[in-house]
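Coordinates as given in run.cif (mmCIF, C-alpha atoms):
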data_work
loop_
_atom_site.label_atom_id
_atom_site.label_comp_id
_atom_site.auth_asym_id
_atom_site.auth_seq_id
_atom_site.Cartn_x
_atom_site.Cartn_y
_atom_site.Cartn_z
CA MET A 1 243.18 84.57 7.58
CA ALA A 2 243.04 88.07 9.08
CA TRP A 3 240.27 89.19 11.46
CA ASP A 4 238.76 91.54 8.87
CA ASP A 5 238.77 88.81 6.21
CA PHE A 6 236.38 86.47 8.01
CA ASP A 7 232.89 86.53 6.55
CA ILE A 8 230.45 87.89 9.12
CA SER A 9 228.39 84.68 8.87
CA VAL A 10 231.28 82.67 10.37
CA HIS A 11 230.69 84.17 13.80
CA GLY A 12 227.09 82.99 13.89
CA HIS A 13 227.91 79.26 13.74
CA GLU A 14 227.03 77.35 16.91
CA GLU A 15 230.65 76.43 17.62
CA GLN A 16 231.72 80.06 17.29
CA ILE A 17 228.98 81.24 19.62
CA LYS A 18 230.42 78.94 22.29
CA ARG A 19 233.80 80.58 21.80
CA ILE A 20 232.31 84.06 22.04
CA ASP A 21 230.63 83.10 25.32
CA ASN A 22 233.86 81.55 26.62
CA SER A 23 235.87 84.62 25.65
CA PHE A 24 234.68 86.35 28.82
CA GLU A 25 236.76 83.85 30.81
CA VAL A 26 240.06 84.74 29.08
CA VAL A 27 242.71 86.48 31.18
CA PHE A 28 245.65 88.30 29.56
CA ASN A 29 249.00 88.77 31.23
CA SER A 30 249.97 91.46 28.75
CA ILE A 31 248.66 93.36 25.72
CA GLU A 32 251.01 95.51 23.66
CA ASN A 33 250.87 96.77 20.06
CA GLY A 34 247.97 94.50 19.19
CA LYS A 35 249.65 91.40 20.61
CA ALA A 36 248.70 89.62 23.81
CA VAL A 37 249.80 86.75 26.00
CA THR A 38 247.23 84.85 28.03
CA ASN A 39 247.72 83.57 31.56
CA HIS A 40 248.20 80.13 29.97
CA GLY A 41 251.02 81.39 27.76
CA TYR A 42 249.16 81.54 24.43
CA GLU A 43 250.35 84.28 22.09
CA VAL A 44 247.42 86.06 20.48
CA THR A 45 246.86 88.61 17.72
CA LEU A 46 243.67 89.41 15.83
CA ASP A 47 244.91 87.14 13.03
CA SER A 48 246.30 84.15 14.90
CA CYS A 49 246.69 82.34 18.20
CA SER A 50 249.10 79.67 19.40
CA CYS A 51 246.32 77.71 21.14
CA PRO A 52 245.41 74.22 19.80
CA ASP A 53 241.90 75.34 18.91
CA PHE A 54 243.03 77.99 16.45
CA LEU A 55 245.90 75.90 15.08
CA THR A 56 243.43 73.09 14.30
CA ARG A 57 240.43 75.06 13.02
CA LYS A 58 241.97 78.28 11.66
CA LEU A 59 238.89 80.14 12.89
CA PRO A 60 238.65 82.73 15.69
CA CYS A 61 239.16 81.10 19.08
CA LYS A 62 238.01 82.49 22.41
CA HIS A 63 241.39 84.21 22.84
CA ILE A 64 241.07 86.10 19.55
CA TYR A 65 237.53 87.18 20.42
CA ALA A 66 238.76 88.31 23.84
CA LEU A 67 241.60 90.33 22.33
CA ALA A 68 239.28 91.86 19.73
CA LYS A 69 237.08 93.07 22.57
CA GLN A 70 240.08 94.55 24.40
CA LEU A 71 241.10 96.40 21.22
CA ASN A 72 237.53 97.66 20.63
CA ARG A 73 237.29 95.70 17.39
CA PHE A 74 234.55 93.45 18.75
CA VAL A 75 231.68 94.51 21.00
CA VAL A 76 229.26 92.07 22.62
CA SER A 77 226.14 93.56 24.12
CA GLN A 78 225.74 92.66 27.77
CA LYS A 79 221.93 92.56 27.74
CA MET A 80 222.05 88.98 29.03
CA GLU A 81 224.57 89.47 31.78
CA ARG A 82 223.66 87.88 35.07
CA LYS A 83 222.07 90.10 37.68
CA GLU A 84 222.45 90.33 41.44
CA ASN A 85 218.72 90.88 42.07
CA LEU A 86 216.90 87.54 42.20
CA ILE A 87 213.32 87.09 41.00
CA VAL A 88 212.43 85.12 44.14
CA GLU A 89 212.86 85.69 47.87
CA LEU A 90 212.52 82.82 50.31
CA ASP A 91 210.92 83.01 53.73
CA ASP A 92 212.33 81.46 56.91
CA ASN A 93 210.85 78.09 55.93
CA GLY A 94 212.51 78.14 52.50
CA ASN A 95 209.34 78.90 50.53
CA SER A 96 208.93 81.66 47.96
CA LYS A 97 207.36 84.86 49.23
CA GLY A 98 204.30 86.13 47.35
CA TRP A 99 204.38 83.58 44.52
CA ALA A 100 201.15 81.93 43.32
CA PHE A 101 202.96 78.56 43.30
CA VAL A 102 205.66 77.62 45.73
CA VAL A 103 209.27 77.43 44.60
CA ARG A 104 212.12 76.47 46.88
CA LYS A 105 215.89 76.46 46.81
CA CYS A 106 215.88 73.12 44.98
CA ASN A 107 214.13 74.94 42.10
CA PHE A 108 216.90 77.54 41.73
CA PRO A 109 218.58 75.77 38.77
CA SER A 110 215.26 75.76 36.87
CA LEU A 111 214.95 79.50 37.49
CA ASP A 112 218.58 80.04 36.37
CA ILE A 113 219.65 81.14 39.84
CA ARG A 114 223.30 80.14 40.32
CA PHE A 115 225.76 80.46 43.14
CA ASN A 116 228.93 82.40 42.33
CA ASN A 117 231.84 80.92 44.27
CA ILE A 118 233.94 84.04 43.74
CA THR A 119 231.43 86.55 45.16
CA GLN A 120 229.80 83.95 47.44
CA SER A 121 226.37 85.11 46.30
CA TYR A 122 223.55 84.04 43.99
CA THR A 123 223.02 85.59 40.57
CA GLN A 124 219.99 85.64 38.26
CA GLY A 125 219.92 84.71 34.58
CA GLU A 126 217.21 84.13 31.97
CA ASP A 127 217.99 80.58 30.86
CA PHE A 128 214.89 79.01 32.42
CA HIS A 129 214.38 75.26 32.04
CA PHE A 130 212.16 72.91 34.03
CA ASN A 131 212.60 69.28 35.00
CA VAL A 132 210.18 66.72 33.64
CA GLY A 133 208.00 65.38 36.44
CA ALA A 134 208.55 68.34 38.76
CA ILE A 135 205.43 69.32 40.71
CA TYR A 136 204.53 72.76 42.01
CA TYR A 137 201.78 73.37 44.58
CA ASP A 138 199.93 76.58 45.35
CA ASN A 139 200.29 76.24 49.11
CA PRO A 140 203.52 75.77 51.10
CA ILE A 141 201.66 73.41 53.41
CA ALA A 142 202.29 70.75 50.75
CA TYR A 143 205.98 70.84 51.72
CA SER A 144 205.46 70.84 55.48
CA GLY A 145 205.99 67.09 55.89
CA GLU A 146 202.54 66.67 57.40
CA PRO A 147 200.40 63.72 56.21
CA TRP A 148 198.74 64.41 52.85
CA GLY A 149 195.29 63.76 54.26
CA SER A 150 195.68 66.55 56.81
CA VAL A 151 196.84 69.21 54.31
CA VAL A 152 195.07 68.38 51.04
CA ASN A 153 192.03 70.52 51.82
CA ARG A 154 194.24 73.60 51.94
CA ILE A 155 195.70 72.97 48.48
CA ASN A 156 193.76 74.04 45.40
CA PHE A 157 196.02 73.40 42.40
CA SER A 158 199.18 71.63 41.39
CA ILE A 159 201.26 71.77 38.21
CA GLN A 160 203.32 68.90 36.82
CA ILE A 161 205.92 69.37 34.08
CA LEU A 162 205.46 67.15 31.02
CA SER A 163 208.33 68.48 28.89
CA SER A 164 210.59 71.49 28.70
CA THR A 165 212.95 72.42 25.87
CA THR A 166 216.04 74.51 26.49
CA ASN A 167 216.40 78.12 25.45
CA PHE A 168 218.61 78.91 22.47
CA ARG A 169 220.86 81.95 22.50
CA HIS A 170 222.41 83.27 19.35
CA TYR A 171 223.74 86.58 18.05
CA ARG A 172 222.92 89.02 15.31
CA PHE A 173 226.15 90.46 13.88
CA GLU A 174 226.73 93.75 12.16
CA HIS A 175 229.70 95.88 11.18
CA ARG A 176 229.80 99.50 12.26
CA ALA A 177 232.81 101.38 10.98
CA ASN A 178 235.80 99.21 11.93
CA THR A 179 234.08 97.26 14.69
CA LEU A 180 232.06 94.03 14.72
CA TYR A 181 229.01 94.13 17.00
CA ALA A 182 227.27 91.05 18.38
CA ILE A 183 223.73 91.56 19.65
CA PRO A 184 222.54 88.54 21.70
CA ILE A 185 219.08 87.15 21.01
CA MET A 186 217.31 84.64 23.26
CA GLU A 187 214.83 82.22 21.73
CA TYR A 188 212.93 80.75 24.64
CA GLY A 189 212.16 77.06 24.91
CA VAL A 190 208.68 75.69 25.52
CA THR A 191 207.34 74.08 28.68
CA SER A 192 204.30 71.78 28.58
CA PHE A 193 202.51 70.91 31.79
CA ASN A 194 199.34 69.55 33.35
CA ILE A 195 197.25 71.64 35.72
CA TYR A 196 195.50 69.58 38.39
CA ARG A 197 192.63 70.73 40.55
CA ILE A 198 192.33 69.26 44.03
CA ASN A 199 188.96 67.74 44.85
CA HIS A 200 188.51 68.55 48.53
CA ASP A 201 185.75 65.95 48.89
CA THR A 202 187.86 63.03 47.69
CA GLY A 203 191.33 64.41 48.41
CA LYS A 204 192.39 63.49 44.87
CA GLU A 205 193.86 65.53 42.04
CA ALA A 206 191.79 65.80 38.86
CA LEU A 207 193.33 66.88 35.56
CA TYR A 208 192.02 70.32 34.65
CA LYS A 209 194.02 71.17 31.55
CA GLU A 210 197.21 70.51 29.60
CA VAL A 211 198.96 73.73 28.59
CA SER A 212 202.11 74.83 26.76
CA CYS A 213 203.89 78.17 27.01
CA TYR A 214 207.32 79.69 26.63
CA ASN A 215 209.68 79.07 29.54
CA LYS A 216 209.74 82.74 30.49
CA ASP A 217 205.93 82.78 30.59
CA PHE A 218 205.86 79.68 32.79
CA VAL A 219 207.87 81.66 35.32
CA ASP A 220 205.05 84.23 35.24
CA LEU A 221 202.53 81.46 35.92
CA LEU A 222 204.46 80.30 38.95
CA ARG A 223 204.91 83.84 40.15
CA TYR A 224 201.56 85.49 39.39
CA GLY A 225 199.15 82.61 38.70
CA HIS A 226 198.57 83.61 35.08
CA CYS A 227 200.54 83.73 31.85
CA LYS A 228 200.36 83.78 28.06
CA ILE A 229 199.98 80.36 26.41
CA LEU A 230 201.00 79.12 22.97
CA SER A 231 197.45 78.37 21.84
CA GLY A 232 196.63 82.06 22.28
CA GLY A 233 195.26 84.16 25.08
CA GLN A 234 196.07 83.51 28.71
CA ILE A 235 195.56 80.96 31.45
CA ASN A 236 194.60 82.45 34.81
CA ILE A 237 194.54 79.88 37.57
CA LEU A 238 193.65 82.46 40.20
CA GLU A 239 190.28 82.97 38.53
CA LEU A 240 189.47 79.27 38.94
CA LYS A 241 189.61 79.31 42.73
#
Write the structure described by the file as structure tokens, please.
Amino acid sequence: MAWDDFDISVHGHEEQIKRIDNSFEVVFNSIENGKAVTNHGYEVTLDSCSCPDFLTRKLPCKHIYALAKQLNRFVVSQKMERKENLIVELDDNGNSKGWAFVVRKCNFPSLDIRFNNITQSYTQGEDFHFNVGAIYYDNPIAYSGEPWGSVVNRINFSIQILSSTTNFRHYRFEHRANTLYAIPIMEYGVTSFNIYRINHDTGKEALYKEVSCYNKDFVDLLRYGHCKILSGGQINILELK
């Protein structure tokens, strides 16, 4: 089946979205007269590819999507490309600067901060996801290694993750003239968590509230101390101090 003959709905299937995402990894050794050869020796046109994936499924593979982009027949918006500017900066002790709750380097995966081995630098994405059981404190003294009894009076709140669903990225497709456009859309997952208030008289944590919010809003809570919640309105922990 030719590129133009595929129904637009085909590209929106989950398996095709994976191939669109993977198409950015494809490297061509040559492109001439609408035909290409990849660095793995696959021969590609807009209508066919010699790779096992296309030969088995008869649907666009990552190589066909990559060639379509090279030939300006397929355009994928780069709104979700990874950025060099990180949302968090760490101090000399490895704690986040200026955040309401402390995050550390071990939290980078949850904040979609990844190390790029090619550029030898970290990059920032938007695919936030938090580990069940993870605890965040509002004072870096909690991570100092000092005995709990000697630091608890300087801690006011902690947050513990109860559940966190992954984000889902998909595309909205539309034809414009002779080109297929894919506009990425992120549907954020939901994080549920308990907020604990530290009783400075007893040194124990008391459950204040269970809250749910979108993953991107939970980042705001960690960063600013307040965020939108699913039940409506906002939670502002800073006002509780």
Using all atoms listed in the file, determine which residues lie at most 10 Å from region 178-192 of chain A, disregarding the query and same-chain residues fewer than 4 positions distant; provide the list as a count of residues only.
51
How far is it from CA of Asp91 (chain A) to CA of Ser158 (chain A), in Å with one decimal?
20.5 Å
Rows by chain and residue number, region 69-114 of chain A within 10 Å of region 140-150 of chain A, shortest pair, all atoms listed in the file, as a Markdown table:
| residue | atom | partner | partner_atom | distance |
| --- | --- | --- | --- | --- |
| A:Asn93 | CA | A:Ser144 | CA | 9.0 |
| A:Gly94 | CA | A:Pro140 | CA | 9.4 |
| A:Asn95 | CA | A:Pro140 | CA | 6.6 |
| A:Ser96 | CA | A:Pro140 | CA | 8.6 |
| A:Phe101 | CA | A:Pro140 | CA | 8.3 |
| A:Val102 | CA | A:Pro140 | CA | 6.1 |
| A:Val103 | CA | A:Pro140 | CA | 8.8 |
| A:Arg104 | CA | A:Pro140 | CA | 9.6 |
Evaluated on this file, the PyMOL selection byres ((chain A and resi 112) around 7) picks out some residues - which ones are they, written as a tab-separated table (two decimals) with C-alpha atoms, in the coordinates of the input?
chain	number	residue	atom	x	y	z
A	108	PHE	CA	216.90	77.54	41.73
A	109	PRO	CA	218.58	75.77	38.77
A	110	SER	CA	215.26	75.76	36.87
A	111	LEU	CA	214.95	79.50	37.49
A	113	ILE	CA	219.65	81.14	39.84
A	114	ARG	CA	223.30	80.14	40.32
A	124	GLN	CA	219.99	85.64	38.26
A	125	GLY	CA	219.92	84.71	34.58
A	126	GLU	CA	217.21	84.13	31.97
A	127	ASP	CA	217.99	80.58	30.86
A	128	PHE	CA	214.89	79.01	32.42
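Put simply, CA of Cys227 (chain A) is 15.4 Å away from CA of Phe157 (chain A).
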How big is the axis-aligned box around the listed atoms of region 150-167 of chain A once 8 Å is added on each side, and where is its centre? Give both in Å to one decimal, as AutoDock Vina command-line options.
--center_x 204.2 --center_y 72.3 --center_z 41.1 --size_x 40.4 --size_y 27.6 --size_z 47.4
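Every residue that the PyMOL selection byres ((chain A and resi 123) around 10) selects in this file is listed here: Glu81, Arg82, Lys83, Glu84, Asn85, Leu86, Ile87, Asp112, Ile113, Arg114, Phe115, Asn116, Thr119, Gln120, Ser121, Tyr122, Gln124 and Gly125 of chain A.
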Fewer than 2 positions away in the same chain doesn't count, so skip those; otherwise give me all residues within 9 Å of region 56-59 of chain A, counting only C-alpha atoms, as an MDAnalysis selection string.
chainID A and resid 1 6 10 16 48 51:54 61
